[in-house]
Structures are given as C-alpha cells and as structure tokens.
>>> print(open('work.csv').read())   # CSV, C-alpha atoms
chain,number,residue,atom,x,y,z
A,541,MET,CA,0.0,0.0,0.0
A,542,ILE,CA,1.3,3.5,-0.9
A,543,ASP,CA,1.9,5.9,2.0
A,544,GLN,CA,0.0,9.0,1.1
A,545,HIS,CA,2.7,11.2,2.9
A,546,THR,CA,6.0,9.7,1.8
A,547,TRP,CA,6.4,7.1,-0.9
A,548,ASP,CA,9.9,6.1,-1.9
A,549,GLY,CA,8.9,3.6,-4.5
A,550,THR,CA,10.6,0.6,-2.8
A,551,GLY,CA,9.7,0.8,0.8
A,552,ALA,CA,13.2,1.7,1.8
A,553,GLY,CA,14.2,5.0,3.5
A,554,ALA,CA,15.7,7.8,1.6
A,555,ALA,CA,19.5,8.2,1.4
A,556,THR,CA,20.9,10.9,3.6
A,557,PRO,CA,22.9,13.4,1.6
A,558,GLY,CA,26.6,13.3,2.4
A,559,HIS,CA,26.4,9.8,4.1
A,560,ARG,CA,26.3,7.5,1.1
A,561,ARG,CA,29.2,5.4,0.0
A,562,GLY,CA,31.2,7.4,-2.6
A,563,ARG,CA,31.7,5.9,-6.0
A,564,LEU,CA,34.3,8.3,-7.4
A,565,GLY,CA,37.0,7.6,-4.7
A,566,SER,CA,39.0,10.8,-4.7
A,567,PRO,CA,39.6,13.9,-6.9
A,568,GLU,CA,42.6,12.1,-8.3
A,569,LEU,CA,40.7,8.9,-9.1
A,570,THR,CA,37.9,11.0,-10.6
A,571,ALA,CA,40.4,12.7,-12.9
A,572,GLN,CA,41.9,9.4,-13.9
A,573,GLY,CA,38.5,7.9,-14.5
A,574,LEU,CA,37.4,10.8,-16.7
A,575,ARG,CA,40.7,10.5,-18.7
A,576,ASP,CA,40.0,6.8,-19.2
A,577,THR,CA,36.7,7.7,-20.9
A,578,GLY,CA,38.4,10.2,-23.2
A,579,TYR,CA,37.5,13.4,-21.2
A,580,LEU,CA,40.5,15.4,-20.2
A,581,PRO,CA,39.8,17.3,-17.0
A,582,ASP,CA,42.0,19.7,-15.0
A,583,ALA,CA,42.3,19.4,-11.3
A,584,HIS,CA,39.5,21.9,-10.6
A,585,ILE,CA,37.0,20.1,-12.7
A,586,ALA,CA,37.8,16.7,-11.1
A,587,SER,CA,37.5,18.2,-7.6
A,588,VAL,CA,34.1,19.8,-8.2
A,589,VAL,CA,32.7,16.6,-9.7
A,590,TYR,CA,34.1,14.6,-6.7
A,591,LEU,CA,32.6,17.1,-4.2
A,592,GLY,CA,29.3,17.1,-5.9
A,593,GLU,CA,29.0,13.3,-5.5
A,594,GLN,CA,30.3,13.3,-1.9
A,595,LEU,CA,28.1,16.2,-0.7
A,596,ALA,CA,25.1,15.0,-2.7
A,597,LYS,CA,24.8,18.4,-4.3
A,598,PRO,CA,23.9,19.2,-7.9
A,599,VAL,CA,26.7,20.7,-10.0
A,600,LEU,CA,25.8,23.7,-12.1
A,601,ILE,CA,28.1,23.9,-15.1
A,602,GLU,CA,28.1,27.3,-17.0
A,603,GLY,CA,30.1,28.5,-19.9
A,604,PRO,CA,30.0,29.1,-23.7
A,605,ALA,CA,28.4,26.5,-26.0
A,606,GLY,CA,30.7,23.7,-27.0
A,607,THR,CA,33.1,23.7,-24.1
A,608,GLY,CA,32.4,20.2,-22.9
A,609,LYS,CA,29.6,20.7,-20.3
A,610,THR,CA,27.3,18.0,-21.5
A,611,GLU,CA,30.2,15.7,-22.3
A,612,LEU,CA,31.4,16.0,-18.7
A,613,ALA,CA,28.1,14.6,-17.4
A,614,LYS,CA,28.1,11.8,-19.9
A,615,SER,CA,31.7,10.9,-19.1
A,616,VAL,CA,30.9,10.8,-15.3
A,617,ALA,CA,28.1,8.3,-16.1
A,618,ALA,CA,30.4,6.2,-18.2
A,619,MET,CA,33.3,6.1,-15.7
A,620,SER,CA,31.1,5.3,-12.8
A,621,GLY,CA,28.8,2.8,-14.5
A,622,MET,CA,25.7,4.8,-13.6
A,623,ARG,CA,22.8,5.1,-15.9
A,624,LEU,CA,22.4,8.5,-17.5
A,625,ILE,CA,19.0,10.1,-17.4
A,626,ARG,CA,18.8,13.3,-19.5
A,627,LEU,CA,16.3,16.1,-19.4
A,628,GLN,CA,16.8,18.3,-22.5
A,629,CYS,CA,15.4,21.7,-21.6
A,630,TYR,CA,13.6,24.0,-24.0
A,631,GLU,CA,11.2,26.9,-23.9
A,632,GLY,CA,7.8,25.7,-23.1
A,633,LEU,CA,8.9,22.6,-21.2
A,634,ASP,CA,6.3,21.8,-18.6
A,635,GLU,CA,5.7,19.5,-15.6
A,636,ALA,CA,4.2,16.7,-17.8
A,637,LYS,CA,7.4,16.4,-19.8
A,638,ALA,CA,9.9,17.1,-16.9
A,639,LEU,CA,8.3,15.3,-13.9
A,640,TYR,CA,5.4,13.1,-14.6
A,641,GLU,CA,2.0,12.8,-16.2
A,642,TRP,CA,-1.0,10.4,-15.9
A,643,ASN,CA,-1.7,7.8,-18.5
A,644,TYR,CA,-5.1,9.3,-19.5
A,645,LYS,CA,-6.0,6.6,-22.1
A,646,LYS,CA,-5.4,3.8,-19.6
A,647,GLN,CA,-7.3,5.7,-16.9
A,648,LEU,CA,-10.3,6.0,-19.3
A,649,LEU,CA,-10.2,2.3,-20.1
A,650,ARG,CA,-10.2,1.6,-16.3
A,651,ILE,CA,-13.2,3.9,-15.8
A,652,GLN,CA,-15.1,2.2,-18.6
A,653,ALA,CA,-14.3,-1.2,-17.3
A,654,GLY,CA,-15.6,-0.1,-13.9
A,655,HIS,CA,-18.8,1.1,-15.4
A,656,VAL,CA,-19.3,-2.2,-17.2
A,657,ALA,CA,-18.7,-4.1,-14.0
A,658,GLU,CA,-21.4,-2.1,-12.2
A,659,ASN,CA,-23.9,-2.9,-15.0
A,660,GLY,CA,-24.0,0.7,-16.2
A,661,ALA,CA,-24.2,2.3,-12.8
A,662,SER,CA,-23.3,6.0,-12.9
A,663,ALA,CA,-20.0,7.3,-11.6
A,664,ALA,CA,-21.8,8.8,-8.6
A,665,THR,CA,-22.4,5.3,-7.1
A,666,ALA,CA,-20.5,3.8,-4.2
A,667,GLY,CA,-18.1,2.1,-6.7
A,668,TRP,CA,-16.6,5.4,-7.9
A,669,PRO,CA,-14.2,6.1,-5.0
A,670,ASP,CA,-12.6,2.7,-5.6
A,671,ILE,CA,-12.2,3.5,-9.3
A,672,GLU,CA,-10.8,6.9,-8.5
A,673,SER,CA,-8.2,5.6,-6.0
A,674,ASP,CA,-7.2,2.9,-8.6
A,675,ILE,CA,-6.7,5.2,-11.5
A,676,PHE,CA,-4.5,7.6,-9.5
A,677,SER,CA,-2.0,4.8,-8.5
A,678,GLU,CA,1.5,3.9,-9.6
A,679,ASP,CA,0.2,1.6,-12.4
A,680,PHE,CA,-1.2,4.7,-14.2
A,681,LEU,CA,1.8,7.0,-13.7
A,682,LEU,CA,4.1,7.9,-16.5
A,683,PRO,CA,7.5,9.0,-15.0
A,684,ARG,CA,9.5,11.6,-16.9
A,685,PRO,CA,13.2,12.2,-16.4
A,686,LEU,CA,13.1,14.0,-13.0
A,687,LEU,CA,10.8,11.5,-11.4
A,688,ALA,CA,12.6,8.6,-13.1
A,689,ALA,CA,15.9,9.7,-11.5
A,690,ILE,CA,14.2,10.1,-8.0
A,691,ARG,CA,12.6,6.7,-8.2
A,692,SER,CA,15.6,4.8,-9.5
A,693,PRO,CA,16.7,2.1,-7.0
A,694,GLU,CA,20.3,2.5,-8.1
A,695,PRO,CA,22.3,5.7,-8.3
A,696,VAL,CA,22.0,7.5,-11.6
A,697,VAL,CA,23.5,10.5,-13.3
A,698,LEU,CA,20.8,13.1,-14.0
A,699,LEU,CA,21.7,15.6,-16.7
A,700,ILE,CA,19.5,18.7,-16.9
A,701,ASP,CA,20.8,20.1,-20.1
A,702,GLU,CA,20.6,23.8,-21.1
A,703,VAL,CA,18.6,24.8,-18.0
A,704,ASP,CA,18.8,28.4,-19.0
A,705,ARG,CA,16.4,27.7,-21.9
A,706,LEU,CA,13.6,27.1,-19.4
A,707,ASP,CA,11.0,29.7,-18.6
A,708,VAL,CA,11.5,31.3,-15.2
A,709,GLU,CA,8.3,29.7,-13.9
A,710,THR,CA,9.3,26.2,-15.0
A,711,GLU,CA,12.7,26.6,-13.4
A,712,ALA,CA,10.8,26.5,-10.0
A,713,LEU,CA,9.8,22.9,-10.7
A,714,LEU,CA,13.5,22.0,-10.1
A,715,LEU,CA,13.8,23.5,-6.7
A,716,GLU,CA,12.1,20.7,-4.7
A,717,VAL,CA,13.9,18.0,-6.6
A,718,LEU,CA,17.3,19.6,-6.2
A,719,SER,CA,17.0,20.6,-2.5
A,720,ASP,CA,15.3,17.5,-1.0
A,721,TYR,CA,15.5,15.0,-3.8
A,722,GLN,CA,11.8,14.4,-3.8
A,723,VAL,CA,8.8,15.1,-5.9
A,724,SER,CA,5.3,15.9,-4.6
A,725,ILE,CA,2.4,14.2,-6.5
A,726,PRO,CA,-0.9,15.5,-5.1
A,727,GLU,CA,-2.7,12.2,-5.8
A,728,LEU,CA,0.0,10.0,-4.3
A,729,GLY,CA,2.0,11.9,-1.8
A,730,THR,CA,5.7,12.6,-1.8
A,731,VAL,CA,8.1,10.4,-3.8
A,732,THR,CA,11.4,10.5,-1.9
A,733,ALA,CA,14.7,9.2,-3.4
A,734,THR,CA,16.2,6.0,-2.0
A,735,GLN,CA,19.5,6.8,-3.7
A,736,THR,CA,20.6,10.3,-4.3
A,737,PRO,CA,21.2,11.0,-8.0
A,738,LEU,CA,24.4,12.7,-9.1
A,739,VAL,CA,22.9,15.8,-10.8
A,740,PHE,CA,24.5,18.0,-13.5
A,741,LEU,CA,22.9,21.2,-14.8
A,742,THR,CA,24.3,22.9,-17.8
A,743,SER,CA,23.8,26.5,-18.9
A,744,ASN,CA,25.1,28.5,-21.9
A,745,ASN,CA,24.4,31.8,-20.0
A,746,SER,CA,21.6,32.8,-22.3
A,747,ARG,CA,19.9,34.2,-19.2
A,748,ASP,CA,20.6,34.6,-15.5
A,749,LEU,CA,19.4,31.7,-13.4
A,750,SER,CA,17.5,32.3,-10.1
A,751,GLU,CA,19.4,32.7,-6.9
A,752,ALA,CA,17.3,29.9,-5.4
A,753,LEU,CA,18.5,27.5,-8.0
A,754,LYS,CA,22.1,28.5,-7.8
A,755,ARG,CA,22.1,28.3,-4.0
A,756,ARG,CA,21.3,24.6,-4.2
A,757,CYS,CA,24.3,23.8,-6.5
A,758,LEU,CA,28.0,23.7,-6.6
A,759,TYR,CA,29.3,25.9,-9.3
A,760,LEU,CA,31.7,25.1,-12.2
A,761,TYR,CA,32.6,27.4,-15.0
A,762,LEU,CA,33.9,25.8,-18.2
A,763,GLY,CA,35.5,28.3,-20.6
A,764,TYR,CA,37.5,27.6,-23.7
A,765,PRO,CA,40.5,25.5,-22.8
A,766,SER,CA,44.1,26.8,-22.7
A,767,ALA,CA,46.2,26.2,-25.8
A,768,GLU,CA,48.1,23.4,-24.1
A,769,ARG,CA,45.0,21.6,-23.0
A,770,GLU,CA,43.2,22.0,-26.3
A,771,GLN,CA,46.3,20.5,-28.1
A,772,GLU,CA,46.1,17.6,-25.6
A,773,ILE,CA,42.4,17.2,-26.4
A,774,VAL,CA,43.2,17.2,-30.2
A,775,ARG,CA,46.0,14.6,-29.8
A,776,SER,CA,43.7,12.4,-27.7
A,777,ARG,CA,40.7,12.6,-30.1
A,778,VAL,CA,42.8,12.4,-33.3
A,779,PRO,CA,45.4,9.7,-32.7
A,780,GLY,CA,48.4,10.0,-35.1
A,781,ILE,CA,48.1,13.7,-35.7
A,782,GLY,CA,51.5,15.5,-35.7
A,783,GLU,CA,52.6,17.8,-32.9
A,784,ARG,CA,53.1,20.7,-35.3
A,785,LEU,CA,49.6,20.3,-36.9
A,786,ALA,CA,47.9,20.0,-33.5
A,787,GLU,CA,49.6,23.2,-32.4
A,788,GLN,CA,48.6,25.0,-35.6
A,789,VAL,CA,45.0,23.9,-35.3
A,790,SER,CA,44.8,25.2,-31.7
A,791,GLY,CA,46.4,28.5,-32.7
A,792,LEU,CA,44.0,29.0,-35.6
A,793,VAL,CA,41.0,28.3,-33.5
A,794,ARG,CA,42.2,30.6,-30.7
A,795,SER,CA,42.7,33.5,-33.2
A,796,LEU,CA,39.1,33.0,-34.4
A,797,ARG,CA,37.7,33.0,-30.9
A,798,ALA,CA,39.4,36.4,-30.4
A,799,MET,CA,37.2,37.9,-33.2
A,800,ASP,CA,33.8,39.4,-32.8
A,801,LEU,CA,31.9,36.5,-34.3
A,802,LYS,CA,28.2,35.4,-34.1
A,803,LYS,CA,29.4,31.9,-33.0
A,804,ARG,CA,32.9,31.2,-31.9
A,805,PRO,CA,34.3,27.7,-32.7
A,806,SER,CA,33.7,25.1,-30.0
A,807,VAL,CA,36.1,22.4,-28.9
A,808,SER,CA,34.2,19.8,-30.9
A,809,GLU,CA,34.7,22.0,-34.0
A,810,THR,CA,38.4,22.1,-33.2
A,811,ILE,CA,38.4,18.3,-33.3
A,812,ASP,CA,36.5,18.4,-36.5
A,813,LEU,CA,39.1,20.6,-38.2
A,814,ALA,CA,41.9,18.4,-36.8
A,815,ASN,CA,40.2,15.3,-38.2
A,816,THR,CA,39.6,17.0,-41.6
A,817,LEU,CA,43.3,18.0,-42.0
A,818,PHE,CA,44.5,14.6,-40.8
A,819,LEU,CA,42.3,12.8,-43.3
A,820,LEU,CA,43.5,15.0,-46.0
A,821,GLY,CA,47.0,14.1,-45.2
A,822,GLU,CA,48.1,17.6,-44.4
A,823,ASP,CA,51.2,18.2,-42.2
A,824,GLU,CA,50.7,21.9,-41.6
A,825,ILE,CA,48.2,24.7,-42.1
A,826,THR,CA,49.0,27.1,-44.9
A,827,PRO,CA,47.1,30.4,-45.3
A,828,GLN,CA,45.2,29.0,-48.2
A,829,LEU,CA,44.3,25.9,-46.3
A,830,ALA,CA,43.2,27.9,-43.3
A,831,THR,CA,40.8,30.0,-45.5
A,832,GLY,CA,39.6,26.9,-47.3
A,833,THR,CA,38.6,25.1,-44.2
A,834,LEU,CA,36.9,27.9,-42.3
A,835,HIS,CA,33.5,26.3,-43.0
A,836,VAL,CA,34.5,23.4,-40.7
A,837,LEU,CA,34.9,25.9,-37.8
A,838,LEU,CA,32.4,28.6,-38.5
A,839,LYS,CA,28.7,28.2,-39.3
A,840,TYR,CA,27.6,31.6,-40.4
A,841,GLN,CA,28.6,33.1,-43.8
A,842,SER,CA,29.2,36.5,-42.2
A,843,ASP,CA,31.6,34.9,-39.8
A,844,ILE,CA,33.4,33.1,-42.6
A,845,GLU,CA,33.8,36.3,-44.6
A,846,LYS,CA,35.1,38.3,-41.6
A,847,ALA,CA,37.6,35.5,-40.7
A,848,ALA,CA,38.8,35.2,-44.3
A,849,ALA,CA,39.4,38.9,-44.5
A,850,ALA,CA,41.3,38.8,-41.3
A,851,LEU,CA,43.5,35.9,-42.4
A,852,ALA,CA,44.2,37.6,-45.8
A,853,ALA,CA,45.3,40.7,-44.0
A,854,LYS,CA,47.9,38.7,-42.1
A,855,ARG,CA,49.6,37.3,-45.2
>>> encode(input="work.csv", output="structure tokens")
Amino acid sequence: MIDQHTWDGTGAGAATPGHRRGRLGSPELTAQGLRDTGYLPDAHIASVVYLGEQLAKPVLIEGPAGTGKTELAKSVAAMSGMRLIRLQCYEGLDEAKALYEWNYKKQLLRIQAGHVAENGASAATAGWPDIESDIFSEDFLLPRPLLAAIRSPEPVVLLIDEVDRLDVETEALLLEVLSDYQVSIPELGTVTATQTPLVFLTSNNSRDLSEALKRRCLYLYLGYPSAEREQEIVRSRVPGIGERLAEQVSGLVRSLRAMDLKKRPSVSETIDLANTLFLLGEDEITPQLATGTLHVLLKYQSDIEKAAAALAAKR
C-alpha cells in the first residue's frame, strides 16, 4: 500500500545526503576515471565533480556552448557505470514532460471497465471512490526524467541540459527536486529518493538563473581550454596527428575566438578541423588551407567572410 505522505517507490528509507558510499574515490581517481573515458579534466573540474558526489549536491556547469559541459556529465556516467537520465530543456517545457503525467488513455479504459462491472451504474455510485483511487495509482503513472531519477533504486546521473532555456516559472519545478531529492504528487504523496542521483545542470548563459536554483548547487565554469589543454584534447581525439599540426589547429581556433563572431568555434569543431586535416594528409596549415577550411569551424557566412578577410590581412 502506498503511503500518502512519503512514498519512496521501494519501501526503503531515503538516502541521507553526504552519508552514502562514494563511487568516485577521490579527486585524483575522478580525474583518472574521466581520462579513461576520453574526457581530459583539469584538477579543478575533477575536484568539483568529486565534491558534488560526496556532498550529494547538484553541479551547475556554466560556460560558452561547445566547451564540454554535456560531455562531462556523460563521461561521469560512463566512468562510474551509472545510468544516464537526460532532461533536455527548451522553452515551453512543462511538468508533464519534466516530472510526470498520468496515462489518461489507460485511466479512461479503467473507468469504462468499472462502469461495465457495475452494469452501467453512474460514476456517482459507491463504486466510484474505488475506481478513483485505482486510476491515481502507480500503475497509471508515466514518470518523466526528473521522477525517473528520483525513483531509481540504483544511483543514476541526472543531466538537466541547457537549463537556461527554461521559462523562469518552469525553473521553479526543479527546486524541490534539487533541495530534498523528492517530488510531490498530489494524488499519491511525496516520492522520496532512496538513492541520491548525481545531478549536473548545464547553462550557456543565455539568461541569469535564479538565486534559489544557484544556491542549491556547486558551481563550475567551463570556458574555452588553454592552448596546451586544447592541443592535448586534439591529440587524444585524433590519434596519429602530428605535434606541429595540433599546435597550428589550436592556434588558428584561438585566433578566431578572439574575433567578434556570431558563433565562436567550439572544442568539438576544433576536433572536426583536426580530423579533416589529418584525413586530407596535411602536415601543416597554410594560409590558403586555413581559409579553405573555415566552413568546418564557422557556421555563419558573415563569420566566414570576416575571418577570411582577417586571415588575408595577415599574409
């Protein structure tokens, strides 16, 4: 029988934040585990991820698009063996898509079956309360990402991606989940987590997030990597690339990021350029080659024209 005040989905008590057995070991082991998945963190990134797991606090990752925010959450899931549950945020996202909704078709069939069983009696008869309590039970509940993460019997990684795209009102839906790791369902009661999920929120800084949301999180800013770290990323993702070419790719990308562009090249686009040049068998980037491959890095014609003019001026 479901407790109408606290329902944990399994009958076990909820995990106490900060008192569960850690899965990441230490900041050093976290860094090594991420490297084993192909993600190259610095000491600060590994430390924040480790503390988020130990303190059972969400990690809010902000920074420009394409700096590895989403990939970090995926890599943590891969290194720890936890299941990844992802909520992709967008304008207009509501409770039915983020938390839960009722299976209305199944509920209607149950109501119709109850009517048949009562030989056509109206819903106002004594049998209706039984039908009502039945249709608002777990069997008719459709969990969405937030509720699925709370109900999971095993620890999971919950990725709330691009949270800054949510409406301010919808952002409030996250507060109960992120502070107490529970979800209130009026018809059932409170669903409390038995295992605290490891939560990552990503933001591209398209709008300011509420102080209430930020207060519940550890904060991590991921900017564009240093030249040395980006070269290391390129060499890791493009095995066999020459040292000189990796250095030139990083230098070209950094020079473009210094320009006033509509969209600066991301780390993934740096890797795309390195792959392109490696597959073409190039050993170095000539001025003509740099101009001819701008379409790999830049995705607006105005940006390509501006960058091409800047490169031509340097010749």
>>> atom_distance(input="work.csv", atom1="atom CA of Gln628 of chain A", atom2="atom CA of Ile700 of chain A")
6.2 Å
>>> residues_near_point(input="work.csv", point="(47.9, 35.7, -47.8)", cutoff="8 Å", atoms="only C-alpha atoms", output="list in words")
Pro827, Gln828, Leu851, Ala852, Ala853, Lys854 and Arg855 of chain A
>>> residues_around(input="work.csv", residues="Glu768 of chain A", least_positions_apart="4", cutoff="9 Å", atoms="only C-alpha atoms", output="list of chain:residue names")
A:Glu772, A:Ile773, A:Glu787, A:Ser790
>>> closest_residue(input="work.csv", among="A:Asn745, A:Thr730, A:Ser620, A:Thr816", to="Val774 of chain A", atoms="only C-alpha atoms")
A:Thr816
>>> residues_around(input="work.csv", residues="Leu714 of chain A", least_positions_apart="3", cutoff="12 Å", atoms="only C-alpha atoms", output="mmCIF file with C-alpha atoms, keeping the file's coordinate frame")
data_model
loop_
_atom_site.group_PDB
_atom_site.id
_atom_site.type_symbol
_atom_site.label_atom_id
_atom_site.label_comp_id
_atom_site.auth_asym_id
_atom_site.auth_seq_id
_atom_site.Cartn_x
_atom_site.Cartn_y
_atom_site.Cartn_z
ATOM 1 C CA PRO A 598 23.900 19.200 -7.900
ATOM 2 C CA LEU A 627 16.300 16.100 -19.400
ATOM 3 C CA CYS A 629 15.400 21.700 -21.600
ATOM 4 C CA ASP A 634 6.300 21.800 -18.600
ATOM 5 C CA GLU A 635 5.700 19.500 -15.600
ATOM 6 C CA ALA A 638 9.900 17.100 -16.900
ATOM 7 C CA LEU A 639 8.300 15.300 -13.900
ATOM 8 C CA PRO A 685 13.200 12.200 -16.400
ATOM 9 C CA LEU A 686 13.100 14.000 -13.000
ATOM 10 C CA LEU A 687 10.800 11.500 -11.400
ATOM 11 C CA ILE A 700 19.500 18.700 -16.900
ATOM 12 C CA VAL A 703 18.600 24.800 -18.000
ATOM 13 C CA LEU A 706 13.600 27.100 -19.400
ATOM 14 C CA ASP A 707 11.000 29.700 -18.600
ATOM 15 C CA VAL A 708 11.500 31.300 -15.200
ATOM 16 C CA GLU A 709 8.300 29.700 -13.900
ATOM 17 C CA THR A 710 9.300 26.200 -15.000
ATOM 18 C CA GLU A 711 12.700 26.600 -13.400
ATOM 19 C CA VAL A 717 13.900 18.000 -6.600
ATOM 20 C CA LEU A 718 17.300 19.600 -6.200
ATOM 21 C CA SER A 719 17.000 20.600 -2.500
ATOM 22 C CA ASP A 720 15.300 17.500 -1.000
ATOM 23 C CA TYR A 721 15.500 15.000 -3.800
ATOM 24 C CA GLN A 722 11.800 14.400 -3.800
ATOM 25 C CA VAL A 723 8.800 15.100 -5.900
ATOM 26 C CA SER A 724 5.300 15.900 -4.600
ATOM 27 C CA VAL A 739 22.900 15.800 -10.800
ATOM 28 C CA LEU A 741 22.900 21.200 -14.800
ATOM 29 C CA LEU A 749 19.400 31.700 -13.400
ATOM 30 C CA SER A 750 17.500 32.300 -10.100
ATOM 31 C CA ALA A 752 17.300 29.900 -5.400
ATOM 32 C CA LEU A 753 18.500 27.500 -8.000
ATOM 33 C CA LYS A 754 22.100 28.500 -7.800
ATOM 34 C CA ARG A 756 21.300 24.600 -4.200
ATOM 35 C CA CYS A 757 24.300 23.800 -6.500
#
>>> atom_distance(input="work.csv", atom1="atom CA of Glu631 of chain A", atom2="atom CA of Leu738 of chain A")
24.4 Å
>>> build_atoms(input="work.csv", residues="segment 610-641 of chain A", atoms="N, CA and C atoms", output="CSV table (one decimal), in the frame of the given file")
chain,number,residue,atom,x,y,z
A,610,THR,N,28.1,19.2,-21.4
A,610,THR,CA,27.3,18.0,-21.5
A,610,THR,C,28.2,16.7,-21.5
A,611,GLU,N,29.3,16.8,-22.2
A,611,GLU,CA,30.2,15.7,-22.3
A,611,GLU,C,30.7,15.3,-21.0
A,612,LEU,N,30.9,16.3,-20.1
A,612,LEU,CA,31.4,16.0,-18.7
A,612,LEU,C,30.4,15.1,-18.0
A,613,ALA,N,29.1,15.4,-18.0
A,613,ALA,CA,28.1,14.6,-17.4
A,613,ALA,C,28.1,13.2,-18.0
A,614,LYS,N,28.1,13.1,-19.3
A,614,LYS,CA,28.1,11.8,-19.9
A,614,LYS,C,29.4,11.0,-19.5
A,615,SER,N,30.5,11.6,-19.4
A,615,SER,CA,31.7,10.9,-19.1
A,615,SER,C,31.7,10.4,-17.6
A,616,VAL,N,31.1,11.2,-16.7
A,616,VAL,CA,30.9,10.8,-15.3
A,616,VAL,C,30.1,9.5,-15.3
A,617,ALA,N,29.0,9.5,-16.0
A,617,ALA,CA,28.1,8.3,-16.1
A,617,ALA,C,28.9,7.1,-16.6
A,618,ALA,N,29.7,7.3,-17.6
A,618,ALA,CA,30.4,6.2,-18.2
A,618,ALA,C,31.5,5.7,-17.3
A,619,MET,N,32.2,6.6,-16.6
A,619,MET,CA,33.3,6.1,-15.7
A,619,MET,C,32.8,5.4,-14.5
A,620,SER,N,31.6,5.8,-14.0
A,620,SER,CA,31.1,5.3,-12.8
A,620,SER,C,30.1,4.1,-13.0
A,621,GLY,N,29.8,3.9,-14.2
A,621,GLY,CA,28.8,2.8,-14.5
A,621,GLY,C,27.4,3.1,-14.2
A,622,MET,N,27.1,4.4,-13.9
A,622,MET,CA,25.7,4.8,-13.6
A,622,MET,C,24.9,5.0,-14.8
A,623,ARG,N,23.6,4.8,-14.8
A,623,ARG,CA,22.8,5.1,-15.9
A,623,ARG,C,22.6,6.6,-16.0
A,624,LEU,N,22.6,7.1,-17.3
A,624,LEU,CA,22.4,8.5,-17.5
A,624,LEU,C,21.0,8.7,-17.9
A,625,ILE,N,20.4,9.7,-17.1
A,625,ILE,CA,19.0,10.1,-17.4
A,625,ILE,C,19.1,11.6,-17.8
A,626,ARG,N,18.6,11.9,-19.0
A,626,ARG,CA,18.8,13.3,-19.5
A,626,ARG,C,17.5,14.0,-19.7
A,627,LEU,N,17.4,15.2,-19.2
A,627,LEU,CA,16.3,16.1,-19.4
A,627,LEU,C,16.8,17.2,-20.3
A,628,GLN,N,16.4,17.3,-21.6
A,628,GLN,CA,16.8,18.3,-22.5
A,628,GLN,C,15.8,19.5,-22.3
A,629,CYS,N,16.3,20.6,-21.9
A,629,CYS,CA,15.4,21.7,-21.6
A,629,CYS,C,15.1,22.5,-22.9
A,630,TYR,N,14.0,23.1,-22.9
A,630,TYR,CA,13.6,24.0,-24.0
A,630,TYR,C,12.5,24.9,-23.6
A,631,GLU,N,12.3,26.0,-24.3
A,631,GLU,CA,11.2,26.9,-23.9
A,631,GLU,C,9.9,26.3,-24.1
A,632,GLY,N,9.1,26.3,-23.0
A,632,GLY,CA,7.8,25.7,-23.1
A,632,GLY,C,7.7,24.4,-22.4
A,633,LEU,N,8.9,23.8,-21.9
A,633,LEU,CA,8.9,22.6,-21.2
A,633,LEU,C,8.0,22.7,-20.0
A,634,ASP,N,7.1,21.7,-19.7
A,634,ASP,CA,6.3,21.8,-18.6
A,634,ASP,C,6.4,20.6,-17.7
A,635,GLU,N,5.6,20.5,-16.6
A,635,GLU,CA,5.7,19.5,-15.6
A,635,GLU,C,5.4,18.1,-16.3
A,636,ALA,N,4.5,18.0,-17.2
A,636,ALA,CA,4.2,16.7,-17.8
A,636,ALA,C,5.4,16.1,-18.6
A,637,LYS,N,6.3,16.9,-19.1
A,637,LYS,CA,7.4,16.4,-19.8
A,637,LYS,C,8.7,16.3,-18.9
A,638,ALA,N,8.7,17.1,-17.8
A,638,ALA,CA,9.9,17.1,-16.9
A,638,ALA,C,9.7,16.1,-15.7
A,639,LEU,N,8.5,16.1,-15.1
A,639,LEU,CA,8.3,15.3,-13.9
A,639,LEU,C,7.5,14.1,-14.1
A,640,TYR,N,6.2,14.2,-14.4
A,640,TYR,CA,5.4,13.1,-14.6
A,640,TYR,C,4.1,13.5,-15.3
A,641,GLU,N,3.3,12.5,-15.8
A,641,GLU,CA,2.0,12.8,-16.2
A,641,GLU,C,1.2,11.5,-16.0
